[in-house]
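Worksheet: the structure to be examined is printed underneath.
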Amino acid sequence: MIATDAARHRIYLVDGSGYIFRAYYALPPLTRPDGTPVGAVLGFCNMLQKLIDDTKVDGSVSHLAVVFDSARKTFRNDIYPEYKANREAAPEDLVPQFSLIRDATRAFSVHSIEREGYEADDIIATFVARARTIGAEVVIVSSDKDLMQLVGDGVTMLDPMKNRIVDLPEVLEKFGVAPDRVVDVQSLAGDSTDNVPGVPGIGIKTAAQLINEYGDLESLLARAAEIKQPKRRENLIAFAEQARISRQLVALAADVPLEEGFDGLLVADPDPATLEGFLAENGFKALLAKVRSRNGSPAGALPAAAPPAGSDPDPVAGAAAPSGGDEAPAPSDSVYELVQDTGALRRWIAAASKAGVVAVDTETTSLDAMRAELVGVSLSAETGRACYIPLGHVAPAPTGELAFDGGDSSMPEAPKQIDRDEALALLKPMLEDPAILKVGQNLKYDLLVLRRYGVDIRPFDDTMLLSFTLDAGRHGHGMDELSELHLAHKPIAFKDVAGSGKAMKSFAEVPLERACDYAAEDADVTLRLFQVLKPRLATEHLATVYETIERPLAPVLVAMEAAGIKIDSGQLTALSSDFAGRIAEYEKEIHALAGDAFNVGSPKQLGEILFDRMGLEGGKKGRNGAWSTDANVLEKLAAEGHELPARVLDWRQLAKLKSTYTDALQNQINPQTGRVHTSFAMAAAATGRLASTDPNLQNIPVRTAEGRKLRRAFIAEPGHKLISADYSQIELRLLAHIADIGSLKAAFRDGLDIHAMTASQVFGVPIEGMDPSVRRSAKAINFGIIYGISAFGLAQQLGVPQRQARDYIDAYFEKYPGIRAYMDRTKEFCHHHGYVETVFGRRCHIGGINDRNPARRGFSERAAINAPIQGSAADIIKRAMIRMPEALAAAGLKARMLLQVHDELIFEAPEAEAEATAALVTSVMEKAALPARALSVPLTVDAGIGDNWGEAH
DNA sequence: GTGTGGCA
DNA sequence: TGCCACAC
C-alpha cells in the first residue's frame, strides 16, 4: 500500500538547511519585537506555505518532508578533513533561527528528518533512490546545485528562491553534462564554497568538455597522458588522487540508514491553533492573516503566548495567585510575601546582600514623583521570590453601604505595617550599598521619590533604559509591555488594583494582600527582565551607550526635575485674562464676518463657513471629507485679503496660548516648592531625544511676540539669574561631519553664515546684499535636508509649487553630492539592518523601512536619514549634561541645571556667578563630543543671561 | 524629522 | 481618534 500510494503521487523533499542559509542572506534582517531574529524563519514559513498551497492546488503532493543537516562533521570529513573547513560559523543572528525553523516545520505539521553524521543532501539522495525502486516521482525543493546529480528519471528540482523548475535541460546548461555525470564534472572542477579541491586549472567548462570526450572520471584519469595541453595533462596526472577524493565528497550517499518509510511522510493538515500560535508568537502578521482567513479563525482569537502556568507549589501567605478571574497568573512558580515586621524585613535585606542584586520598586500615592508619598517598597533578590513592604497604607475607604456589624462603629484602623522611618533606616544602607546592585524599572521615578526621604539608590540598573538602549524604535519600554514581550506574562494592571478615572483610589487604600500581589509582582518581573536584557548589552555592543549615556543621565535628570523652575504666577494670570479678553473680541469679529455665531474652535464648522457658505477658493478636503483649515490654508486666504481667516489665525494663536500654556501652567505649580517640575521622559523618542511632560516645557512658544511673553514668566529666584546656552546649528554641523562634506565643514570652521552660503551655492547669488527671502529659502532647504527632505514637504514649508521645490532640491544635491551619497548609504544600511546608528553608537530602529507601500517606506526612509543626526545631537547634549554637575562643583559654582530643550540648557545661578557660569557651561557643552569622538566640525554654543527665560534666550 | 497636549 | 499648533 505504501508503494502504491507513493507511486501514484509525488514526494516533496525540502532541503531545509540549504534553504535557511539562502533565505537568511536573501531577506532583510527581520526581528521579533523581543529582538529575536526571524528573517530566515519568515522566509522559510512563506516558502513552506506557498509549497503547500501550490501542491494542494494541483493535487499532486502525497508525501512531504523537510530534511535538515545534523552536526557539522560527517563521513566526508573522514575522507577529507578540510571538507567545508572554509565555512565560517553561522552568523550570530542566524543561530537562534535554526531551532525556530524546526518549530515552524512542526507547526505546519510537516515531517522533518535529520540523521546524525549525514548531510541533508545524502538523506534526500537516499529517499530518491528508494523512490526510484518503487517508481514514485520526487520533487526536491532546493537551490543547491549539488543536488542536481539526482535529477532525471522521475526526479526534478524546484528552486524555491527563483521559483524555477530544474530538470534535465537546466542541469545540462549548468554543468554541460547529464545529471549522471555531474559528479564527475564537480570532482574535476572542485567547489570553493564546500572546499572541494578538484584539479587545479580546471573549471566547469573544461571539466564538462573532458567528461564528454572521455566518458567519465576514471576513463579520463586512465587516459590523462593523451591530453594535448601540457599544463592540463600534468595536473590531471599529479592530482588524480585529489580528483578521486573530490568525487567521493560530491557524490551523495544513497545509503543513509533511515527508519522513516514513505508512509511516515504522508501530508497532514496543520492544527490551526498550533500554527496560528506559532505565527502570532513570531509576529508574522501577513502570513497569520492568510492562514486565519483560510482557517476561518476570528482575527482576535490568539492562542495565549504565555506558557501554561503550573499550580502554585507553595501556598504560603501572600502567594501569587491573582484574585481576578482570567488574567494570566504570575510567572509560574513565583512566591510573594507580605513583610509586616522588622524581622522579616531584615531577612529580605540579608537576602539582597547575599545575592548582590535586588530588584526594587516603590509604590506611592501619585504618578507625580514630586508630590508622591511613599506607600510601600517591593523587593526581589531571587527569581520567583519577591516581597512587598507596606509602609504608608491606610484603612480602605468605606465602600458604599456599611453593613451593620453588631456594634463596633469605631474608625477602621490602619493595617499592620512596619513604621515607615524605621523601615527606611533599615533599607537605606542596603539601597546605598556599593556592593549591592539595585535594579528598577524607570528608576528615575523611584530616585526622585526616595530622595525626599533621604535615600539615594546606587549603584543601579534600569530595565526601561536597558530596553530603550537595546530596542529604541521597536516597541515601548513600559513594564507591562516588556513583560508580555520578554516573559510572555501579563502583569496585574494598576487599574485592576486601584481603579481608574474618577473611581481611582490611592494605592495607600489598596488592601495589603491585593497590594502585595501587584507590587511584589512588579519587583519579580523587573528582576526577570533584567536577566533577559542585561546580557544583550554586551552581545549587541550597546554597553557603552547604556553605561556612559543613559544610566548616568538618570540621576542628573532627577536633580533637574527636583529643582524645577520658578514661574511668575501673577504675570501668567495677567496674561491669561488679557488673552481671554482678546479671544472674546476676535470671536465677536469672526461671528460678524461670518454672519453667524459658530464654534471657531471647530475646524469642521469653520471649513463649512469658509468654503461652503462663503464659497472661497483654494479649499482642500482631507481624508475624512472635511475641509482643511490648517494655518497654511488660512494664511493663503488671508494673504488674498480675506479678513475672516486672518482673524481666525489670531484667535487660534491666543486660544492655544491660553489653554495650553497660561492656564495649564498655573495648575502645574507645586504648592510645596512654588515651582514647576517637569518630568523628562528618557525612553520616549526613538532617536534618543528626551521628551518633557506634565508640563511639557520643551514647547514653550518663542516664535511670535505673543508667545515670547510667556517665556518671560519663567523667572529666576531673587538674587539669581537664568542662563540659557544653546548649540548653534548642531544638527547641520553633525550632517556636515557625518556625511563628510568638505565645503560645509570648512564653512563651519570659518564661522560663515551657513544659510547664506547655501543660498549663494544653490541659487548662485552673491552673499553680499543677498535678499533675505533668498536666505530664508536656503534655510528651509537646510532644515529639509536634515529631515530627509521630500519635494512635498519643502513645497509645503516654502509655499511654492512642488515642481519648484523639486528644482531646489536637485540644485542642492548638485552642489552637495556627498549629501545624496550619505542619504543613499543610510537608507541602504537601514534597509538591511532595520536600524541606523548615531556617532556614539546608539541604535535607532526604524519600523516600516521595508514596507511595500512606497509612501510608508518613504516616511521611514526620511526618519532613517534624520535619526543619526538628531540622535547624535541628543547624545552630545546628554554627555554635556552628565558632566555638568561635576564641572560646576569643581569650579565652585552654585548654579543648578533646570531644563533641557533639545539643543539648549537652562541654568539658574546666583547673580554674582552668572558670567562665570555662562562661560563654564559654554565650555562643557562645546567639548561634549570629546574625547570619545573628535568631530570634524567645531561645536559652538551661544549663552545668554537674564532675569527670565525670554531675556536669557 | 522628533515630540506633547488641547479640543471636538 | 484625528486635527491642529507649539517646540527643536
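Please note that chains go A, B, ... in the order of the C-alpha cells, that every chain numbers its residues from 1, and that ligands are numbered from 1 in the order shown.
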
- Task: Please return as a PyMOL selection string: the residues of stretch 526-759 of chain A that backbone DSSP assigns to alpha helix (DSSP H).
- Result: chain A and resi 526-539+543-545+551-563+569-594+603-607+631-639+643-656+664-667+705-711+730-738+742-749+754-759

- chain A residues within 12 Å of chain C, counting only C-alpha atoms (C1' of nucleotides): which ones, as a ChimeraX atom specification? /A:601-604,622-624,626-632,649,652-657,659-661,689-692,696-704,707-708,726-731,783,870,873-874,900-904

- Give me every strand (DSSP E or B) residue in stretch 583-789 of chain A, going by DSSP on the backbone, as a list in words. Lys621, Trp627, Ile669, Arg675, Val676, Ser679, Phe680, Ala681, Ala691, Ser692, Thr693, Phe714, Ile715, His720, Lys721, Leu722, Ile723, Ser724, Ala725, Asp726 and Tyr727 of chain A

- Item | Distance in Å - atom CA of A:Ile865 versus atom CA of A:Thr469 | 19.3 Å

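Atom CA of A:Phe239 is positioned 18.1 Å from atom CA of A:Gln209.
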
So which residues touch A:Met148 within 9 Å, counting only C-alpha atoms (C1' of nucleotides), skipping near sequence neighbours fewer than 3 positions away, as a tab-separated table (two decimals) with N, CA and C atoms, in the first residue's frame?
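Result file follows (result-v4.tsv):
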chain	number	residue	atom	x	y	z
A	144	ASP	N	20.28	24.12	-4.26
A	144	ASP	CA	21.65	23.64	-4.15
A	144	ASP	C	22.04	22.84	-5.40
A	145	LYS	N	23.06	23.34	-6.06
A	145	LYS	CA	23.46	22.68	-7.31
A	145	LYS	C	24.00	21.26	-7.06
A	151	VAL	N	18.81	14.61	-10.51
A	151	VAL	CA	17.70	14.92	-11.41
A	151	VAL	C	17.56	13.88	-12.52
A	152	GLY	N	16.35	13.73	-12.98
A	152	GLY	CA	16.07	12.82	-14.08
A	152	GLY	C	15.43	11.53	-13.59
A	156	THR	N	12.74	15.73	-10.20
A	156	THR	CA	13.02	17.10	-10.63
A	156	THR	C	13.36	17.93	-9.40
A	157	MET	N	13.89	19.12	-9.66
A	157	MET	CA	14.14	20.04	-8.55
A	157	MET	C	13.26	21.27	-8.71
A	166	VAL	N	13.93	22.82	-12.07
A	166	VAL	CA	15.20	22.37	-12.64
A	166	VAL	C	15.02	20.93	-13.11
A	167	ASP	N	15.16	20.76	-14.42
A	167	ASP	CA	15.06	19.42	-14.99
A	167	ASP	C	16.29	19.20	-15.87
A	168	LEU	N	16.26	18.22	-16.70
A	168	LEU	CA	17.45	17.87	-17.49
A	168	LEU	C	18.07	19.06	-18.24
A	171	VAL	N	20.09	21.28	-15.95
A	171	VAL	CA	21.32	20.66	-15.47
A	171	VAL	C	22.38	20.70	-16.58
A	179	PRO	N	22.81	14.67	-15.76
A	179	PRO	CA	22.91	14.56	-14.30
A	179	PRO	C	23.83	13.43	-13.82
A	182	VAL	N	27.32	14.69	-13.55
A	182	VAL	CA	27.55	15.93	-12.80
A	182	VAL	C	28.65	15.72	-11.75

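In chain A, the set of residues within 6 Å of chain B (atoms considered: only C-alpha atoms (C1' of nucleotides)) is Tyr787, Ala863 and Asn866 of chain A.
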
- Note on the structure: Pairwise distance, atom CA of A:Glu585 with atom CA of A:Pro645, equals 14.9 Å
